[in-house]
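> Attaching a single structure in structure tokens format; questions to follow.
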Amino acid sequence: MKKTIAVLMTAAVLSCSMVISAGAESSISGASYTNSFDSMEDLNGWEAYFLPNPDTAGPASVKEDLSKHWTIENGKLKRINDFKNGSSTTNAAILTFTEMKFQYFELTVKYQKVEGNWPWAVVAFGTSMPGKYFTHQGCGVFVQDEGKVTIWGTTPFDGPNESAANSGYVAKGEHTMKLRVTKDNVEVTIDDKWTQSKKYSNIPEGYI
């Protein structure tokens with residue numbers, strides 16, 4: 001059984017590979033999904049959305065053709081086109097794999113930022129609809145350029161909840177993010193070195 005996975009990327013990012021499995025507390029424990037992003041056919045079953053101004057409450061993200069902001073380059077998924085750096089977050093491209101919603105899971109993704117000073121690659125979860133931005137609904141986890149591992153979302157997640165800066169984090173290096181969501185905790189670990197966790201209650205089922 002495949003699992004639902006989504007990736008939200010606002011800068012040029014390479015997502016090398018992704019693995020997700022349902023947690024022991026889930027009713028679908030043992031289900032797993034893996035994608036190495038070798039070709040555009042690997043995006044079959046995914047939906048793409050675009051949100052020009054995610055810092056505002058609206059409008060909603062717009063569904064679009066996958067090829068407008070995504071390609072496979074050298075065996076890696078890459079965000080393309082319409083980059084804007086500045087003092088606010090703009091032009092968010094969102095991918096959602098829509099086969100299933102879930103609550104408790106473990107996810108591993110390799111990522112690399114390759115263009116612009118910011119923003120960052122975000123894994124978002126707990127949304128009731130595909131294409132939602134994490135400050136509008138659900139929760140997003142990401143790492144800032146200074147190495148601050150961040151958990152940020154709407155109720156019940158609130159935020160931002162961020163770690164201290166990590167001087168060893170290379171903003172444009174290739175990194176591995178491990179995300180573990182249980183019934184009362186969200187934990188993010190980067191490169192098996194830096195971790196941020198936060199206790200929550202009533203974590204919702206949703207898309208990632």
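In the structure tokens, the first chain shown is A, the next is B, and so on; residue numbers restart at 1 for each chain, and ligands run from 1 in the order shown.
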Extract, using only C-alpha atoms, all DNA, RNA and protein residues at most 8 Å from Val141 in chain A, discarding same-chain residues fewer than 3 positions from it, and format them as a ChimeraX atom specification.
/A:122-124,149-152,188
> Give me every strand (DSSP E or B) residue in range 24-140 of chain A, going by DSSP on the backbone, as a PyMOL selection string.
chain A and resi 32-35+46-51+62-64+70-73+76-79+92-97+102+105-115+121-125+127+139-140
> Please save C-alpha atoms of the selected residues as a compact mmCIF listing (two decimals), in the first residue's frame.

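Result went into again-v4.txt, see below:
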```txt
# COMPACT_ATOMS: atom_id res chain seq x y z
CA SER A 32 5.32 2.22 3.13
CA TYR A 33 6.15 4.34 0.09
CA THR A 34 9.49 4.99 -1.60
CA ASN A 35 10.33 7.31 -4.48
CA TRP A 46 1.10 13.54 -7.53
CA GLU A 47 -0.66 16.92 -7.74
CA ALA A 48 1.12 20.26 -8.17
CA TYR A 49 -0.02 23.59 -6.76
CA PHE A 50 1.33 27.15 -6.79
CA LEU A 51 0.84 29.95 -4.26
CA VAL A 62 -3.93 26.95 -7.60
CA LYS A 63 -3.59 23.48 -9.10
CA GLU A 64 -1.27 23.41 -12.11
CA TRP A 70 9.08 20.71 -11.46
CA THR A 71 11.48 18.60 -13.48
CA ILE A 72 13.77 15.60 -13.04
CA GLU A 73 17.43 16.50 -13.51
CA LYS A 76 16.67 14.16 -8.85
CA LEU A 77 13.45 16.09 -8.47
CA LYS A 78 14.10 19.81 -8.98
CA ARG A 79 12.03 22.95 -8.46
CA ALA A 92 5.61 28.55 -3.18
CA ALA A 93 5.44 25.42 -5.36
CA ILE A 94 3.69 22.54 -3.61
CA LEU A 95 3.62 18.83 -4.46
CA THR A 96 1.14 16.41 -2.88
CA PHE A 97 0.88 12.68 -3.42
CA PHE A 102 -2.47 9.63 7.78
CA PHE A 105 4.41 8.11 10.48
CA GLU A 106 8.14 8.24 9.87
CA LEU A 107 9.51 10.00 6.79
CA THR A 108 13.02 10.36 5.38
CA VAL A 109 13.88 12.77 2.57
CA LYS A 110 17.17 13.85 1.07
CA TYR A 111 17.21 17.46 -0.10
CA GLN A 112 19.55 20.19 -1.31
CA LYS A 113 19.02 23.91 -1.84
CA VAL A 114 20.82 24.99 -4.99
CA GLU A 115 19.58 28.49 -5.80
CA ALA A 121 12.53 23.06 1.47
CA VAL A 122 9.54 22.27 3.71
CA VAL A 123 7.84 18.95 4.45
CA ALA A 124 4.24 19.78 5.41
CA PHE A 125 1.67 17.43 6.96
CA THR A 127 -3.68 19.15 5.96
CA CYS A 139 2.40 21.89 10.08
CA GLY A 140 5.68 22.34 8.22
```
> CA of Tyr207 in chain A and CA of Asp192 in chain A are how many Å apart?
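Answer for the CA of Tyr207 in chain A to CA of Asp192 in chain A separation: 25.3 Å.
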> Nearest residue to Pro130 in chain A out of A:Asn44, A:Thr154, A:Asn85, A:Ser61, using only C-alpha atoms?
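Closest candidate: A:Ser61.
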> Which residue out of A:Glu41, A:Ala60, A:Gly173, A:Gly147 has the minimum interatomic distance to Thr189 in chain A when only C-alpha atoms are used?
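Residue with the minimum atom-to-atom distance to Thr189 in chain A: A:Gly147.
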> Have a look at A:Gln196, A:Gln103, A:Asn81, A:Asn91 and name the one nearest to Val143 in chain A; count only C-alpha atoms.
A:Gln196
> Looking at only C-alpha atoms, which of A:Ile208, A:Met18, A:Val181, A:Leu43 is the one that sits closest to Ser128 in chain A?
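Of the candidates, the smallest distance to Ser128 in chain A is held by A:Ile208.
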> So which residues touch His136 in chain A within 10 Å, counting only C-alpha atoms, skipping near sequence neighbours fewer than 2 positions away, as a PyMOL selection string?
chain A and resi 54-58+60+127+132-134+138-139+153-155
> What is the CA of Glu99 in chain A-CA of Gly45 in chain A distance in Å, reported with one decimal?
7.5 Å
> Quick one, how far is CA of Ser39 in chain A from CA of Ile80 in chain A?
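Distance between the two atoms: 15.3 Å.
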> Of the candidates A:Pro52, A:Gly126, A:Gly159, A:Gly206, which shows the shortest atom-to-atom distance to Thr90 in chain A, using only C-alpha atoms?
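Residue with the minimum atom-to-atom distance to Thr90 in chain A: A:Pro52.
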> Counting only C-alpha atoms, figure out which residue out of A:Ser163, A:Ser88, A:Ser36, A:Asn53 gets nearest to Gly75 in chain A.
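Once distances to Gly75 in chain A are computed over only C-alpha atoms, the minimum belongs to A:Ser36.
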